[in-house]
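So this block is query15.txt, compact mmCIF, N, CA and C atoms:
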```
# COMPACT_ATOMS: atom_id res chain seq x y z
N GLN A 1 66.94 121.17 -0.29
CA GLN A 1 65.84 120.61 0.49
C GLN A 1 65.93 119.08 0.48
N VAL A 2 65.61 118.48 1.61
CA VAL A 2 65.64 117.03 1.74
C VAL A 2 64.32 116.57 2.31
N GLN A 3 63.74 115.56 1.73
CA GLN A 3 62.54 114.94 2.30
C GLN A 3 62.92 113.64 3.00
N LEU A 4 62.28 113.41 4.12
CA LEU A 4 62.48 112.18 4.88
C LEU A 4 61.17 111.42 4.90
N VAL A 5 61.22 110.17 4.45
CA VAL A 5 60.02 109.35 4.39
C VAL A 5 60.18 108.18 5.35
N GLU A 6 59.26 108.11 6.30
CA GLU A 6 59.31 107.09 7.35
C GLU A 6 58.34 105.96 7.05
N SER A 7 58.65 104.81 7.59
CA SER A 7 57.74 103.67 7.48
C SER A 7 57.98 102.73 8.65
N GLY A 8 56.98 101.91 8.96
CA GLY A 8 57.18 100.83 9.90
C GLY A 8 56.50 100.96 11.25
N GLY A 9 55.79 102.03 11.50
CA GLY A 9 55.12 102.13 12.78
C GLY A 9 53.94 101.19 12.86
N GLY A 10 53.29 101.16 14.02
CA GLY A 10 52.11 100.32 14.16
C GLY A 10 51.84 99.96 15.60
N LEU A 11 51.01 98.94 15.75
CA LEU A 11 50.59 98.45 17.06
C LEU A 11 51.31 97.15 17.37
N VAL A 12 51.83 97.06 18.59
CA VAL A 12 52.55 95.86 19.00
C VAL A 12 52.29 95.61 20.47
N GLN A 13 52.34 94.36 20.86
CA GLN A 13 52.16 94.01 22.26
C GLN A 13 53.45 94.24 23.05
N PRO A 14 53.34 94.44 24.34
CA PRO A 14 54.55 94.56 25.17
C PRO A 14 55.46 93.34 24.98
N GLY A 15 56.75 93.61 24.88
CA GLY A 15 57.72 92.56 24.63
C GLY A 15 57.97 92.28 23.17
N GLY A 16 57.15 92.87 22.32
CA GLY A 16 57.29 92.64 20.88
C GLY A 16 58.34 93.53 20.24
N SER A 17 58.42 93.44 18.92
CA SER A 17 59.42 94.17 18.16
C SER A 17 58.78 94.90 17.00
N LEU A 18 59.41 96.00 16.63
CA LEU A 18 59.04 96.75 15.44
C LEU A 18 60.31 97.30 14.82
N ARG A 19 60.24 97.56 13.52
CA ARG A 19 61.37 98.18 12.84
C ARG A 19 60.87 99.42 12.10
N LEU A 20 61.54 100.52 12.35
CA LEU A 20 61.24 101.77 11.66
C LEU A 20 62.34 102.06 10.64
N SER A 21 61.93 102.55 9.49
CA SER A 21 62.88 102.92 8.46
C SER A 21 62.62 104.35 8.00
N CYS A 22 63.67 105.00 7.60
CA CYS A 22 63.57 106.37 7.11
C CYS A 22 64.50 106.51 5.92
N ALA A 23 63.97 107.06 4.84
CA ALA A 23 64.77 107.26 3.64
C ALA A 23 64.87 108.74 3.33
N ALA A 24 66.07 109.21 3.10
CA ALA A 24 66.28 110.58 2.68
C ALA A 24 66.21 110.65 1.16
N SER A 25 65.71 111.78 0.67
CA SER A 25 65.47 111.91 -0.77
C SER A 25 66.74 112.10 -1.59
N ARG A 26 67.83 112.42 -0.93
CA ARG A 26 69.09 112.56 -1.67
C ARG A 26 70.26 112.34 -0.73
N SER A 27 71.41 112.15 -1.30
CA SER A 27 72.62 111.96 -0.51
C SER A 27 73.08 113.29 0.08
N ILE A 28 73.66 113.19 1.24
CA ILE A 28 74.23 114.35 1.92
C ILE A 28 75.73 114.13 1.99
N PHE A 29 76.50 115.05 1.44
CA PHE A 29 77.94 114.83 1.36
C PHE A 29 78.69 115.50 2.49
N SER A 30 78.01 116.36 3.25
CA SER A 30 78.63 116.95 4.43
C SER A 30 78.55 115.94 5.57
N ARG A 31 79.34 116.20 6.60
CA ARG A 31 79.16 115.41 7.82
C ARG A 31 77.74 115.61 8.31
N ASN A 32 77.09 114.51 8.70
CA ASN A 32 75.69 114.62 9.07
C ASN A 32 75.32 113.58 10.10
N THR A 33 74.16 113.76 10.67
CA THR A 33 73.63 112.82 11.65
C THR A 33 72.19 112.50 11.29
N MET A 34 71.87 111.23 11.26
CA MET A 34 70.48 110.79 11.06
C MET A 34 70.05 110.01 12.28
N GLY A 35 68.80 110.15 12.62
CA GLY A 35 68.34 109.42 13.78
C GLY A 35 66.85 109.51 13.99
N TRP A 36 66.44 109.10 15.18
CA TRP A 36 65.04 109.05 15.54
C TRP A 36 64.81 109.76 16.87
N TYR A 37 63.75 110.52 16.90
CA TYR A 37 63.26 111.14 18.11
C TYR A 37 61.83 110.66 18.32
N ARG A 38 61.31 110.86 19.52
CA ARG A 38 59.91 110.52 19.77
C ARG A 38 59.28 111.56 20.66
N GLN A 39 57.95 111.60 20.56
CA GLN A 39 57.22 112.60 21.33
C GLN A 39 55.85 112.07 21.72
N VAL A 40 55.48 112.34 22.96
CA VAL A 40 54.12 112.05 23.44
C VAL A 40 53.47 113.37 23.78
N PRO A 41 52.16 113.43 23.74
CA PRO A 41 51.46 114.70 24.01
C PRO A 41 51.85 115.28 25.36
N GLY A 42 52.15 116.56 25.36
CA GLY A 42 52.47 117.25 26.60
C GLY A 42 53.92 117.16 27.01
N LYS A 43 54.73 116.45 26.24
CA LYS A 43 56.14 116.32 26.57
C LYS A 43 57.00 116.77 25.40
N GLU A 44 58.24 117.10 25.72
CA GLU A 44 59.18 117.51 24.68
C GLU A 44 59.62 116.31 23.85
N ARG A 45 59.99 116.61 22.62
CA ARG A 45 60.53 115.57 21.77
C ARG A 45 61.88 115.13 22.36
N GLU A 46 62.10 113.81 22.40
CA GLU A 46 63.32 113.31 23.00
C GLU A 46 64.08 112.41 22.02
N LEU A 47 65.38 112.40 22.20
CA LEU A 47 66.22 111.55 21.37
C LEU A 47 65.97 110.08 21.69
N VAL A 48 65.81 109.29 20.62
CA VAL A 48 65.77 107.84 20.77
C VAL A 48 67.16 107.28 20.45
N ALA A 49 67.59 107.52 19.23
CA ALA A 49 68.92 107.07 18.81
C ALA A 49 69.32 107.80 17.54
N GLU A 50 70.62 107.97 17.36
CA GLU A 50 71.13 108.63 16.17
C GLU A 50 72.47 108.05 15.79
N VAL A 51 72.83 108.26 14.52
CA VAL A 51 74.11 107.76 14.04
C VAL A 51 74.69 108.79 13.08
N THR A 52 75.96 109.05 13.24
CA THR A 52 76.61 110.05 12.39
C THR A 52 77.07 109.43 11.07
N SER A 53 77.50 110.29 10.17
CA SER A 53 78.00 109.82 8.88
C SER A 53 79.31 109.04 9.03
N SER A 54 79.95 109.15 10.18
CA SER A 54 81.17 108.38 10.42
C SER A 54 80.88 107.14 11.27
N GLY A 55 79.60 106.89 11.54
CA GLY A 55 79.22 105.64 12.21
C GLY A 55 79.14 105.69 13.72
N ILE A 56 79.27 106.86 14.31
CA ILE A 56 79.16 106.98 15.76
C ILE A 56 77.68 107.02 16.15
N THR A 57 77.31 106.19 17.11
CA THR A 57 75.92 106.13 17.55
C THR A 57 75.75 106.72 18.94
N ASN A 58 74.53 107.15 19.19
CA ASN A 58 74.16 107.70 20.48
C ASN A 58 72.70 107.34 20.70
N SER A 59 72.33 107.00 21.93
CA SER A 59 70.93 106.67 22.18
C SER A 59 70.51 107.12 23.55
N GLY A 60 69.21 107.24 23.71
CA GLY A 60 68.67 107.62 25.01
C GLY A 60 68.81 106.49 26.01
N ASP A 61 68.91 106.85 27.28
CA ASP A 61 69.12 105.84 28.32
C ASP A 61 67.97 104.84 28.38
N SER A 62 66.76 105.30 28.10
CA SER A 62 65.61 104.42 28.26
C SER A 62 65.54 103.32 27.20
N VAL A 63 66.31 103.45 26.13
CA VAL A 63 66.24 102.44 25.07
C VAL A 63 67.52 101.63 24.92
N LYS A 64 68.52 101.98 25.69
CA LYS A 64 69.80 101.26 25.59
C LYS A 64 69.59 99.78 25.87
N GLY A 65 70.17 98.96 25.02
CA GLY A 65 70.05 97.52 25.19
C GLY A 65 68.81 96.92 24.55
N ARG A 66 67.90 97.78 24.10
CA ARG A 66 66.66 97.29 23.48
C ARG A 66 66.53 97.74 22.02
N PHE A 67 66.96 98.95 21.72
CA PHE A 67 66.84 99.51 20.38
C PHE A 67 68.23 99.58 19.73
N THR A 68 68.25 99.33 18.43
CA THR A 68 69.49 99.40 17.67
C THR A 68 69.28 100.25 16.43
N ILE A 69 70.18 101.18 16.21
CA ILE A 69 70.09 102.03 15.02
C ILE A 69 71.18 101.64 14.04
N SER A 70 70.84 101.70 12.76
CA SER A 70 71.81 101.39 11.72
C SER A 70 71.55 102.27 10.50
N ARG A 71 72.58 102.42 9.68
CA ARG A 71 72.46 103.25 8.46
C ARG A 71 72.95 102.47 7.26
N ASP A 72 72.29 102.72 6.16
CA ASP A 72 72.78 102.25 4.86
C ASP A 72 73.15 103.51 4.09
N TYR A 73 74.45 103.77 4.02
CA TYR A 73 74.91 105.03 3.44
C TYR A 73 74.67 105.07 1.93
N ALA A 74 74.69 103.93 1.29
CA ALA A 74 74.46 103.89 -0.16
C ALA A 74 73.00 104.20 -0.49
N LYS A 75 72.09 103.79 0.40
CA LYS A 75 70.66 103.99 0.13
C LYS A 75 70.09 105.20 0.86
N ASN A 76 70.93 105.91 1.62
CA ASN A 76 70.47 107.09 2.38
C ASN A 76 69.33 106.74 3.33
N THR A 77 69.45 105.62 4.02
CA THR A 77 68.40 105.20 4.94
C THR A 77 68.96 104.99 6.34
N VAL A 78 68.07 105.13 7.30
CA VAL A 78 68.40 104.81 8.68
C VAL A 78 67.28 103.92 9.22
N THR A 79 67.65 102.91 9.97
CA THR A 79 66.69 101.93 10.49
C THR A 79 66.82 101.83 12.00
N LEU A 80 65.68 101.77 12.65
CA LEU A 80 65.64 101.60 14.09
C LEU A 80 64.96 100.27 14.39
N GLN A 81 65.71 99.35 14.91
CA GLN A 81 65.16 98.06 15.34
C GLN A 81 64.81 98.16 16.82
N MET A 82 63.53 97.99 17.12
CA MET A 82 63.05 98.14 18.48
C MET A 82 62.60 96.79 19.01
N ASN A 83 63.27 96.32 20.04
CA ASN A 83 62.94 95.05 20.67
C ASN A 83 62.50 95.27 22.11
N SER A 84 61.87 94.26 22.66
CA SER A 84 61.42 94.31 24.06
C SER A 84 60.63 95.59 24.34
N LEU A 85 59.70 95.89 23.47
CA LEU A 85 58.96 97.14 23.59
C LEU A 85 58.11 97.18 24.86
N LYS A 86 58.02 98.37 25.42
CA LYS A 86 57.27 98.61 26.66
C LYS A 86 56.14 99.59 26.39
N PHE A 87 55.18 99.61 27.31
CA PHE A 87 54.08 100.56 27.18
C PHE A 87 54.62 101.99 27.00
N GLU A 88 55.64 102.31 27.74
CA GLU A 88 56.16 103.69 27.73
C GLU A 88 56.91 104.04 26.44
N ASP A 89 57.07 103.10 25.54
CA ASP A 89 57.65 103.41 24.23
C ASP A 89 56.60 103.96 23.26
N THR A 90 55.36 103.95 23.67
CA THR A 90 54.29 104.49 22.84
C THR A 90 54.53 105.98 22.59
N ALA A 91 54.56 106.37 21.32
CA ALA A 91 54.85 107.75 20.96
C ALA A 91 54.77 107.89 19.45
N VAL A 92 54.84 109.12 19.00
CA VAL A 92 55.07 109.38 17.58
C VAL A 92 56.58 109.47 17.39
N TYR A 93 57.09 108.71 16.46
CA TYR A 93 58.52 108.66 16.20
C TYR A 93 58.84 109.47 14.94
N TYR A 94 59.83 110.32 15.07
CA TYR A 94 60.20 111.22 13.97
C TYR A 94 61.63 110.94 13.52
N CYS A 95 61.79 110.82 12.23
CA CYS A 95 63.12 110.73 11.66
C CYS A 95 63.73 112.14 11.59
N ASN A 96 65.02 112.21 11.82
CA ASN A 96 65.71 113.50 11.82
C ASN A 96 67.01 113.40 11.04
N LEU A 97 67.29 114.44 10.29
CA LEU A 97 68.56 114.57 9.59
C LEU A 97 69.08 115.97 9.82
N ARG A 98 70.33 116.08 10.22
CA ARG A 98 70.89 117.41 10.36
C ARG A 98 72.32 117.43 9.85
N TYR A 99 72.66 118.53 9.22
CA TYR A 99 74.01 118.74 8.70
C TYR A 99 74.20 120.23 8.49
N ASP A 100 75.42 120.69 8.64
CA ASP A 100 75.70 122.12 8.57
C ASP A 100 74.68 122.84 9.46
N ARG A 101 73.90 123.71 8.90
CA ARG A 101 72.88 124.42 9.68
C ARG A 101 71.47 123.90 9.36
N ALA A 102 71.40 122.84 8.59
CA ALA A 102 70.10 122.30 8.20
C ALA A 102 69.60 121.28 9.21
N ASN A 103 68.29 121.25 9.40
CA ASN A 103 67.67 120.31 10.34
C ASN A 103 66.33 119.90 9.74
N TYR A 104 66.20 118.64 9.37
CA TYR A 104 65.00 118.16 8.71
C TYR A 104 64.30 117.11 9.56
N TRP A 105 62.97 117.09 9.42
CA TRP A 105 62.15 116.11 10.16
C TRP A 105 61.24 115.38 9.20
N GLY A 106 60.99 114.12 9.50
CA GLY A 106 59.96 113.39 8.80
C GLY A 106 58.59 113.76 9.33
N GLN A 107 57.57 113.14 8.75
CA GLN A 107 56.20 113.48 9.12
C GLN A 107 55.76 112.79 10.42
N GLY A 108 56.50 111.82 10.87
CA GLY A 108 56.18 111.10 12.09
C GLY A 108 55.41 109.82 11.82
N THR A 109 55.68 108.81 12.62
CA THR A 109 54.96 107.54 12.51
C THR A 109 54.61 107.07 13.92
N GLN A 110 53.38 106.64 14.08
CA GLN A 110 52.88 106.26 15.41
C GLN A 110 53.34 104.85 15.76
N VAL A 111 53.86 104.73 16.97
CA VAL A 111 54.16 103.42 17.56
C VAL A 111 53.33 103.29 18.82
N THR A 112 52.52 102.26 18.87
CA THR A 112 51.66 102.02 20.03
C THR A 112 51.95 100.64 20.59
N VAL A 113 52.31 100.63 21.87
CA VAL A 113 52.55 99.37 22.57
C VAL A 113 51.39 99.15 23.51
N SER A 114 50.62 98.12 23.23
CA SER A 114 49.40 97.88 24.00
C SER A 114 49.06 96.40 23.98
N SER A 115 48.46 95.94 25.06
CA SER A 115 48.00 94.56 25.11
C SER A 115 46.52 94.46 24.77
```

Would you kindly transcribe this structure into structure tokens?
Amino acid sequence: QVQLVESGGGLVQPGGSLRLSCAASRSIFSRNTMGWYRQVPGKERELVAEVTSSGITNSGDSVKGRFTISRDYAKNTVTLQMNSLKFEDTAVYYCNLRYDRANYWGQGTQVTVSS
């Protein structure tokens, strides 16, 4: 079992920045992917950005050029730097870790972009 603990959500004005962090409770030695998804009421959870254990990144089209994902493999953390935030980035953001057949989610952290 792995626990994912998220931090860094909050309220920000349009054009502002926020940083989300997620820490896994233990190291994963299999090939794995850590990343962030987001969800708004009435819509499916969507990929924001993810990074594999070999450093390959993938992100949603709506955040390309604005959000950057990074991992600290020694600390078992993944960080999402969000810049140039827009109203439509408002959502609950969930940390995700998957490896082998396991799929873990954090508890979610609210990001609200509002003036």

Notebook entry, point to check: Contacts of Asn96 in chain A at 5 Å or less, counting all atoms listed in the file, minus same-chain residues fewer than 6 places along, as number ranges by chain?
Noted result: A: 34-36, 104-105

For Leu11 in chain A, the closest of A:Gly65, A:Thr77, A:Ala49, A:Ser114 counting only N, CA and C atoms is A:Ser114

So the first atom is atom N of Gly9 in chain A and the second is atom C of Val111 in chain A; what is the distance between them in Å, to one decimal place?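 Between atom N of Gly9 in chain A and atom C of Val111 in chain A the gap is 7.8 Å.
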
Residues within 5 Å of (64.3, 103.9, 9.8), file coords, all atoms listed in the file, listed as a list in words: Leu20, Ser21, Cys22, Val78, Thr79 and Leu80 of chain A

Just write the chosen residues, N, CA and C atoms, as a PDB file, in the coordinates of the input.
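Resulting contents of result35.pdb:
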```pdb
ATOM      1  N   LEU A  20      61.540 100.520  12.350  1.00  0.00           N
ATOM      2  CA  LEU A  20      61.240 101.770  11.660  1.00  0.00           C
ATOM      3  C   LEU A  20      62.340 102.060  10.640  1.00  0.00           C
ATOM      4  N   SER A  21      61.930 102.550   9.490  1.00  0.00           N
ATOM      5  CA  SER A  21      62.880 102.920   8.460  1.00  0.00           C
ATOM      6  C   SER A  21      62.620 104.350   8.000  1.00  0.00           C
ATOM      7  N   CYS A  22      63.670 105.000   7.600  1.00  0.00           N
ATOM      8  CA  CYS A  22      63.570 106.370   7.110  1.00  0.00           C
ATOM      9  C   CYS A  22      64.500 106.510   5.920  1.00  0.00           C
ATOM     10  N   VAL A  78      68.070 105.130   7.300  1.00  0.00           N
ATOM     11  CA  VAL A  78      68.400 104.810   8.680  1.00  0.00           C
ATOM     12  C   VAL A  78      67.280 103.920   9.220  1.00  0.00           C
ATOM     13  N   THR A  79      67.650 102.910   9.970  1.00  0.00           N
ATOM     14  CA  THR A  79      66.690 101.930  10.490  1.00  0.00           C
ATOM     15  C   THR A  79      66.820 101.830  12.000  1.00  0.00           C
ATOM     16  N   LEU A  80      65.680 101.770  12.650  1.00  0.00           N
ATOM     17  CA  LEU A  80      65.640 101.600  14.090  1.00  0.00           C
ATOM     18  C   LEU A  80      64.960 100.270  14.390  1.00  0.00           C
TER      19      LEU A  80
END
```

- [ ] Just list the residues in chain A DSSP gives helix (DSSP H, G or I) on the backbone, as a list in words.
- [x]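 Restricting chain A to helix (DSSP H, G or I) produces Asp61, Ser62, Val63, Phe87, Glu88 and Asp89 of chain A.
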
Given all atoms listed in the file as the basis, pick out the residue of A:Val63, A:Ile69, A:Ala91, A:Leu4 nearest to Pro41 in chain A.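 Result for the nearest residue to Pro41 in chain A: A:Ala91.
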
Taken to one decimal, the atom N of Glu6 in chain A-atom N of Phe87 in chain A distance is 23.0 Å
